[in-house]
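Peer 1: This is the structure I have questions about; it appears just below.
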Amino acid sequence: MITRDAQAFFAHAQALAHDFGPATARAAFLVAPDGFRLAEQSAQDNRYMAQAAGFDAARAADQHHALHRALSDVLPTVCFPGDPATPDAVFPNNVFATAAGRYVVGRMRHPVRQREAERADIRGFFGGVLDYAEIDLSLQPHPCELTGALVIDRARGLGLCGLSERCDEAGARLMHEALGLRATLLFDLAPGEYHTNVVLSVLAGRAAIISEPGFADPAIARAIADFYTPHVVQLSEREHRALVGNAIALSGDTVWMSARAADALAPRNREVLAAAGFQVRTVGLDAIEAGGGSLRCCVGEIY
């Protein structure tokens, strides 16, 4: 099922058991910020990116090492080297995604990011080491920037896909099929938003973080909130700008977000997460965030 009809989608979703697969990943992968700098093509439609002078490659590298160490305390975490020719590669979740014995390669909008999909080492890791089957969407014409555009409830097999220049309706359908989802809801992001995972997170299938102004139709955001009630974090503008929405649960008891995001997190919203059974863990990522993404964007999940 793939639809724009929120009422039909959630009526179907209510009947689904939490048996699609593990709610959180069994491992993670990162790409180091080697050659980290402003990618001018990406800056055309990413309003969260800093100006060129705001990039500090050395600090970004140090923070990324700290992220790798911290995640490795919780689950196996592999880090691939970066490439100065692909300065956005530090955000690999847009390009590679996994599900039940297969990996998907996305089709990126900008040529500077399309180069990331060509990496033989990452493909070789998934295909040769893990023996995952490959589904390569990178050469077809429809943008589909994987779990940047598509937020997944892995427990139920649900997709929540925000459409923008980074993902069109045909691309969303391709991702839905490639990942074998049970149902996917399509909706438009608000003007100026480029990825769903900046305005929405689903945490281990039982809680959600939502920034309603990031949706073109606020009724869609409210329908998602109703589905995950009572464990719903509604973001203020300050929290939205601090990228609280770009959080991730890599285990059933912990939500990861950047230190900047956690500093902006309102006490009432921290209490919502605690009531859902989550503690908040943080890593300083302000130098990485100059690239327009935050912690969730850095983490590729291995299922």
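Residues are referred to by chain and number: the chain letter is A, B, ... according to the order shown in the structure tokens, the number counts from 1 in that chain, and ligands are numbered separately from 1 in the order shown.
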Do a neighbour search on range 145-161 of chain A at 8 Å with only C-alpha atoms, toss out local chain neighbours closer than 4 positions, and write the hits as a PyMOL selection string.
Peer 2: chain A and resi 13+16-24+93-97+106-109+166-167+172+175-176+180-187+194-197+200-205+297
Peer 1: Using the selection just defined, write its residues with C-alpha atoms as a PDB file, in the first residue's frame.
Peer 2:
ATOM      1  CA  ALA A  13      -1.457   0.788  10.060  1.00  0.00           C
ATOM      2  CA  LEU A  16      -0.434  -4.104  11.789  1.00  0.00           C
ATOM      3  CA  ALA A  17       1.500  -6.046  14.403  1.00  0.00           C
ATOM      4  CA  HIS A  18       5.000  -5.087  15.504  1.00  0.00           C
ATOM      5  CA  ASP A  19       6.421  -8.094  13.670  1.00  0.00           C
ATOM      6  CA  PHE A  20       7.941  -6.669  10.488  1.00  0.00           C
ATOM      7  CA  GLY A  21      11.460  -6.972  11.870  1.00  0.00           C
ATOM      8  CA  PRO A  22      13.782  -5.595  14.552  1.00  0.00           C
ATOM      9  CA  ALA A  23      12.732  -2.115  15.657  1.00  0.00           C
ATOM     10  CA  THR A  24      16.353  -0.940  15.780  1.00  0.00           C
ATOM     11  CA  ASN A  93      22.051   7.371   5.096  1.00  0.00           C
ATOM     12  CA  ASN A  94      20.809   9.233   2.014  1.00  0.00           C
ATOM     13  CA  VAL A  95      22.742   6.933  -0.328  1.00  0.00           C
ATOM     14  CA  PHE A  96      22.737   3.444   1.222  1.00  0.00           C
ATOM     15  CA  ALA A  97      19.998   1.672   3.184  1.00  0.00           C
ATOM     16  CA  GLY A 106      19.644   5.582  -3.722  1.00  0.00           C
ATOM     17  CA  ARG A 107      19.479   8.043  -6.576  1.00  0.00           C
ATOM     18  CA  MET A 108      20.774  11.398  -5.369  1.00  0.00           C
ATOM     19  CA  ARG A 109      19.600  14.666  -6.837  1.00  0.00           C
ATOM     20  CA  ARG A 166      15.230  15.236  -3.196  1.00  0.00           C
ATOM     21  CA  CYS A 167      12.460  12.625  -3.667  1.00  0.00           C
ATOM     22  CA  ALA A 172       9.150   7.053  -3.256  1.00  0.00           C
ATOM     23  CA  MET A 175      12.018   2.885  -2.263  1.00  0.00           C
ATOM     24  CA  HIS A 176       8.792   1.412  -0.894  1.00  0.00           C
ATOM     25  CA  GLY A 180       9.619  -4.259   1.106  1.00  0.00           C
ATOM     26  CA  LEU A 181       7.483  -1.971   3.244  1.00  0.00           C
ATOM     27  CA  ARG A 182       3.926  -2.870   4.121  1.00  0.00           C
ATOM     28  CA  ALA A 183       2.586   0.654   3.648  1.00  0.00           C
ATOM     29  CA  THR A 184       3.983   4.095   2.835  1.00  0.00           C
ATOM     30  CA  LEU A 185       2.319   7.471   3.313  1.00  0.00           C
ATOM     31  CA  LEU A 186       3.307  10.181   0.827  1.00  0.00           C
ATOM     32  CA  PHE A 187       3.077  13.871   1.703  1.00  0.00           C
ATOM     33  CA  TYR A 194      14.534  19.122   1.799  1.00  0.00           C
ATOM     34  CA  HIS A 195      14.505  15.936   3.885  1.00  0.00           C
ATOM     35  CA  THR A 196      11.861  14.337   6.072  1.00  0.00           C
ATOM     36  CA  ASN A 197      14.385  13.273   8.687  1.00  0.00           C
ATOM     37  CA  LEU A 200      10.315  13.743  11.744  1.00  0.00           C
ATOM     38  CA  SER A 201      11.833  10.813  13.627  1.00  0.00           C
ATOM     39  CA  VAL A 202      10.203   7.521  14.562  1.00  0.00           C
ATOM     40  CA  LEU A 203      11.958   5.957  17.547  1.00  0.00           C
ATOM     41  CA  ALA A 204      11.960   2.162  17.829  1.00  0.00           C
ATOM     42  CA  GLY A 205       8.366   2.060  16.572  1.00  0.00           C
ATOM     43  CA  CYS A 297      22.167  11.860   8.828  1.00  0.00           C
TER      44      CYS A 297
END
Peer 1: With a distance cut-off of 8 Å and only C-alpha atoms, select the neighbouring residues of Tyr303 in chain A, excluding the residue or stretch itself and same-chain residues fewer than 5 positions from it, and output the selection as a PDB file with C-alpha atoms, in the first residue's frame.
Peer 2:
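Contents of the output file part.pdb:
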ATOM      1  CA  PRO A  22      13.782  -5.595  14.552  1.00  0.00           C
ATOM      2  CA  THR A  24      16.353  -0.940  15.780  1.00  0.00           C
ATOM      3  CA  ALA A  25      19.483  -1.730  13.791  1.00  0.00           C
ATOM      4  CA  ARG A  26      21.932  -4.529  14.577  1.00  0.00           C
ATOM      5  CA  ALA A  27      24.935  -2.467  13.414  1.00  0.00           C
ATOM      6  CA  THR A  98      19.441  -1.912   4.274  1.00  0.00           C
ATOM      7  CA  ALA A  99      16.550  -4.252   4.991  1.00  0.00           C
ATOM      8  CA  ALA A 100      16.334  -7.997   5.618  1.00  0.00           C
ATOM      9  CA  GLY A 101      19.262  -9.335   3.623  1.00  0.00           C
TER      10      GLY A 101
END
Peer 1: Extract the full set of alpha helix (DSSP H) residues from range 85-283 of chain A according to DSSP on the backbone, and format it as a PyMOL selection string.
Peer 2: chain A and resi 111-114+120-124+146-149+169-178+218-228+237-241+259-264+267-275
Peer 1: Those same residues, written as a short mmCIF file (atom, residue, chain, number, x, y, z; two decimals), in the first residue's frame with N, CA and C atoms?
Peer 2:
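Result file is again_11.cif:
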data_model
loop_
_atom_site.label_atom_id
_atom_site.label_comp_id
_atom_site.auth_asym_id
_atom_site.auth_seq_id
_atom_site.Cartn_x
_atom_site.Cartn_y
_atom_site.Cartn_z
N PRO A 111 24.78 15.88 -8.72
CA PRO A 111 25.92 15.07 -9.19
C PRO A 111 27.00 14.86 -8.15
N VAL A 112 27.26 15.86 -7.30
CA VAL A 112 28.30 15.71 -6.30
C VAL A 112 27.96 14.57 -5.33
N ARG A 113 26.69 14.31 -5.14
CA ARG A 113 26.27 13.22 -4.26
C ARG A 113 26.08 11.92 -5.03
N GLN A 114 25.80 12.00 -6.32
CA GLN A 114 25.65 10.79 -7.11
C GLN A 114 26.96 9.99 -7.14
N ALA A 120 32.85 1.46 -4.63
CA ALA A 120 32.98 0.01 -4.69
C ALA A 120 33.22 -0.61 -3.31
N ASP A 121 33.87 0.14 -2.40
CA ASP A 121 34.17 -0.44 -1.10
C ASP A 121 32.91 -0.64 -0.27
N ILE A 122 32.02 0.35 -0.31
CA ILE A 122 30.77 0.22 0.47
C ILE A 122 29.87 -0.84 -0.16
N ARG A 123 29.78 -0.82 -1.47
CA ARG A 123 29.00 -1.87 -2.14
C ARG A 123 29.61 -3.25 -1.85
N GLY A 124 30.94 -3.32 -1.87
CA GLY A 124 31.60 -4.60 -1.61
C GLY A 124 31.38 -5.09 -0.19
N LEU A 146 16.62 7.94 -0.04
CA LEU A 146 16.51 6.91 0.98
C LEU A 146 16.04 7.43 2.33
N THR A 147 16.75 7.13 3.42
CA THR A 147 16.21 7.46 4.73
C THR A 147 16.45 8.91 5.13
N GLY A 148 16.87 9.74 4.19
CA GLY A 148 16.71 11.18 4.35
C GLY A 148 15.28 11.56 4.06
N ALA A 149 14.75 11.04 2.95
CA ALA A 149 13.38 11.35 2.53
C ALA A 149 12.35 10.45 3.19
N GLU A 169 7.48 11.36 -6.38
CA GLU A 169 6.52 10.29 -6.08
C GLU A 169 6.96 8.96 -6.66
N ALA A 170 7.52 8.98 -7.87
CA ALA A 170 8.00 7.73 -8.46
C ALA A 170 9.18 7.17 -7.67
N GLY A 171 10.07 8.06 -7.22
CA GLY A 171 11.19 7.61 -6.40
C GLY A 171 10.73 7.01 -5.09
N ALA A 172 9.70 7.60 -4.50
CA ALA A 172 9.15 7.05 -3.26
C ALA A 172 8.60 5.64 -3.47
N ARG A 173 7.94 5.43 -4.59
CA ARG A 173 7.40 4.10 -4.87
C ARG A 173 8.54 3.08 -5.04
N LEU A 174 9.61 3.50 -5.68
CA LEU A 174 10.76 2.61 -5.85
C LEU A 174 11.36 2.23 -4.50
N MET A 175 11.48 3.18 -3.59
CA MET A 175 12.02 2.88 -2.26
C MET A 175 11.08 1.97 -1.49
N HIS A 176 9.80 2.24 -1.56
CA HIS A 176 8.79 1.41 -0.89
C HIS A 176 8.95 -0.05 -1.32
N GLU A 177 9.08 -0.26 -2.63
CA GLU A 177 9.20 -1.63 -3.14
C GLU A 177 10.55 -2.24 -2.78
N ALA A 178 11.62 -1.47 -2.90
CA ALA A 178 12.96 -1.99 -2.64
C ALA A 178 13.13 -2.42 -1.19
N PRO A 218 -0.36 20.69 7.65
CA PRO A 218 -0.24 20.38 9.08
C PRO A 218 -1.10 19.20 9.52
N ALA A 219 -2.17 18.91 8.77
CA ALA A 219 -3.03 17.79 9.14
C ALA A 219 -2.28 16.46 9.06
N ILE A 220 -1.31 16.36 8.17
CA ILE A 220 -0.52 15.14 8.08
C ILE A 220 0.33 14.97 9.34
N ALA A 221 0.97 16.04 9.76
CA ALA A 221 1.76 15.98 10.99
C ALA A 221 0.89 15.59 12.18
N ARG A 222 -0.31 16.14 12.23
CA ARG A 222 -1.20 15.83 13.35
C ARG A 222 -1.66 14.37 13.29
N ALA A 223 -1.88 13.84 12.09
CA ALA A 223 -2.28 12.44 11.96
C ALA A 223 -1.16 11.51 12.43
N ILE A 224 0.08 11.85 12.10
CA ILE A 224 1.22 11.06 12.57
C ILE A 224 1.30 11.13 14.10
N ALA A 225 1.13 12.33 14.63
CA ALA A 225 1.17 12.50 16.09
C ALA A 225 0.08 11.68 16.77
N ASP A 226 -1.11 11.69 16.21
CA ASP A 226 -2.21 10.91 16.79
C ASP A 226 -1.86 9.42 16.84
N PHE A 227 -1.20 8.95 15.78
CA PHE A 227 -0.87 7.53 15.70
C PHE A 227 0.12 7.12 16.79
N TYR A 228 1.08 7.99 17.10
CA TYR A 228 2.12 7.66 18.08
C TYR A 228 1.83 8.20 19.48
N GLU A 237 10.04 26.02 17.25
CA GLU A 237 10.91 26.51 16.19
C GLU A 237 12.38 26.42 16.61
N ARG A 238 12.67 26.75 17.86
CA ARG A 238 14.06 26.66 18.33
C ARG A 238 14.57 25.23 18.27
N GLU A 239 13.77 24.28 18.68
CA GLU A 239 14.17 22.88 18.64
C GLU A 239 14.34 22.40 17.19
N HIS A 240 13.44 22.84 16.33
CA HIS A 240 13.53 22.49 14.91
C HIS A 240 14.85 22.98 14.33
N ARG A 241 15.19 24.25 14.56
CA ARG A 241 16.40 24.83 14.00
C ARG A 241 17.65 24.18 14.57
N ALA A 259 24.75 17.37 20.64
CA ALA A 259 24.74 18.16 21.86
C ALA A 259 23.96 19.45 21.67
N ARG A 260 24.08 20.07 20.51
CA ARG A 260 23.31 21.28 20.21
C ARG A 260 21.81 21.00 20.28
N ALA A 261 21.38 19.87 19.70
CA ALA A 261 19.97 19.51 19.74
C ALA A 261 19.51 19.28 21.17
N ALA A 262 20.30 18.55 21.95
CA ALA A 262 19.91 18.25 23.33
C ALA A 262 19.84 19.52 24.17
N ASP A 263 20.72 20.47 23.90
CA ASP A 263 20.68 21.74 24.64
C ASP A 263 19.38 22.49 24.37
N ALA A 264 18.85 22.33 23.15
CA ALA A 264 17.62 23.02 22.79
C ALA A 264 16.36 22.26 23.22
N PRO A 267 12.46 20.79 28.50
CA PRO A 267 12.29 19.81 29.57
C PRO A 267 11.04 18.94 29.39
N ARG A 268 9.95 19.54 28.93
CA ARG A 268 8.72 18.76 28.76
C ARG A 268 8.90 17.67 27.70
N ASN A 269 9.69 17.98 26.67
CA ASN A 269 9.92 16.99 25.62
C ASN A 269 10.91 15.91 26.07
N ARG A 270 11.86 16.29 26.89
CA ARG A 270 12.74 15.28 27.48
C ARG A 270 11.92 14.32 28.34
N GLU A 271 10.91 14.85 29.04
CA GLU A 271 10.04 14.00 29.85
C GLU A 271 9.21 13.05 28.99
N VAL A 272 8.78 13.52 27.81
CA VAL A 272 8.05 12.65 26.89
C VAL A 272 8.92 11.47 26.48
N LEU A 273 10.17 11.75 26.15
CA LEU A 273 11.08 10.68 25.76
C LEU A 273 11.32 9.72 26.93
N ALA A 274 11.48 10.26 28.12
CA ALA A 274 11.69 9.40 29.29
C ALA A 274 10.48 8.51 29.54
N ALA A 275 9.28 9.07 29.36
CA ALA A 275 8.06 8.28 29.56
C ALA A 275 7.95 7.15 28.54
#
Peer 1: Rounded to one decimal place, report the CA of Met257 in chain A-CA of Gly82 in chain A distance in Å.
Peer 2: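 Computing the Euclidean distance for CA of Met257 in chain A and CA of Gly82 in chain A yields 22.0 Å.
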Peer 1: Excluding Val299 in chain A and residues on its chain fewer than 5 positions from it, collect all residues at most 9 Å away from it, counting only C-alpha atoms, and give them as an MDAnalysis selection string.
Peer 2: chainID A and resid 28:31 90:93 248
Peer 1: What does the distance from CA of Leu295 in chain A to CA of Arg59 in chain A come to in Å, to one decimal?
Peer 2: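 Those two atoms sit 15.2 Å apart.
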Peer 1: Using only C-alpha atoms, which residues sit within 6 Å of Ser211 in chain A once same-chain residues fewer than 3 positions away are excluded, as a compact mmCIF listing (two decimals) with all heavy atoms, in the first residue's frame?
Peer 2:
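So the final result, stored in out-v3.txt, reads:
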# COMPACT_ATOMS: atom_id res chain seq x y z
N VAL A 199 12.50 16.86 10.02
CA VAL A 199 11.25 17.28 10.66
C VAL A 199 10.49 16.12 11.30
O VAL A 199 9.44 16.33 11.90
CB VAL A 199 10.34 17.99 9.63
CG1 VAL A 199 11.04 19.20 9.05
CG2 VAL A 199 9.88 17.07 8.51
N GLY A 214 7.24 21.80 9.33
CA GLY A 214 7.99 21.18 8.25
C GLY A 214 7.13 20.45 7.23
O GLY A 214 7.64 20.02 6.19
N LEU A 235 7.96 19.71 18.33
CA LEU A 235 9.09 20.63 18.38
C LEU A 235 8.68 22.09 18.23
O LEU A 235 7.83 22.43 17.42
CB LEU A 235 10.09 20.29 17.26
CG LEU A 235 10.73 18.91 17.31
CD1 LEU A 235 11.75 18.78 16.18
CD2 LEU A 235 11.38 18.64 18.66
Peer 1: Grab the CA of Cys298 in chain A to CA of Ile210 in chain A distance for me, in Å with one decimal place.
Peer 2: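 Pair CA of Cys298 in chain A / CA of Ile210 in chain A returns 19.5 Å.
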Peer 1: Find, counting only C-alpha atoms, the residue in A:Ala89, A:Ile302, A:Ala11, A:Ala66 that gets nearest to Phe36 in chain A.
Peer 2: A:Ala89
Peer 1: Would you please extract all strand (DSSP E or B) residues from range 20-168 of chain A, as assigned by DSSP on the backbone, and give them as a ChimeraX atom specification?
Peer 2: /A:27-31,77-80,96-99,102-105,107,133-136,144,150-153,158-164,167
Peer 1: Can you pull out every residue within 8 Å of Asp217 in chain A, counting only C-alpha atoms, but drop anything in the same chain fewer than 6 positions away, and send it as a list in words?
Peer 2: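 The filter keeps Phe187, Asp188, Leu189 and Ala190 of chain A.
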Peer 1: Would you save the residues of that selection, restricted to C-alpha atoms, as a short mmCIF file (atom, residue, chain, number, x, y, z; two decimals), in the first residue's frame?
Peer 2:
data_model
loop_
_atom_site.label_atom_id
_atom_site.label_comp_id
_atom_site.auth_asym_id
_atom_site.auth_seq_id
_atom_site.Cartn_x
_atom_site.Cartn_y
_atom_site.Cartn_z
CA PHE A 187 3.08 13.87 1.70
CA ASP A 188 4.66 17.14 0.66
CA LEU A 189 7.26 18.84 2.80
CA ALA A 190 6.89 22.55 3.48
#
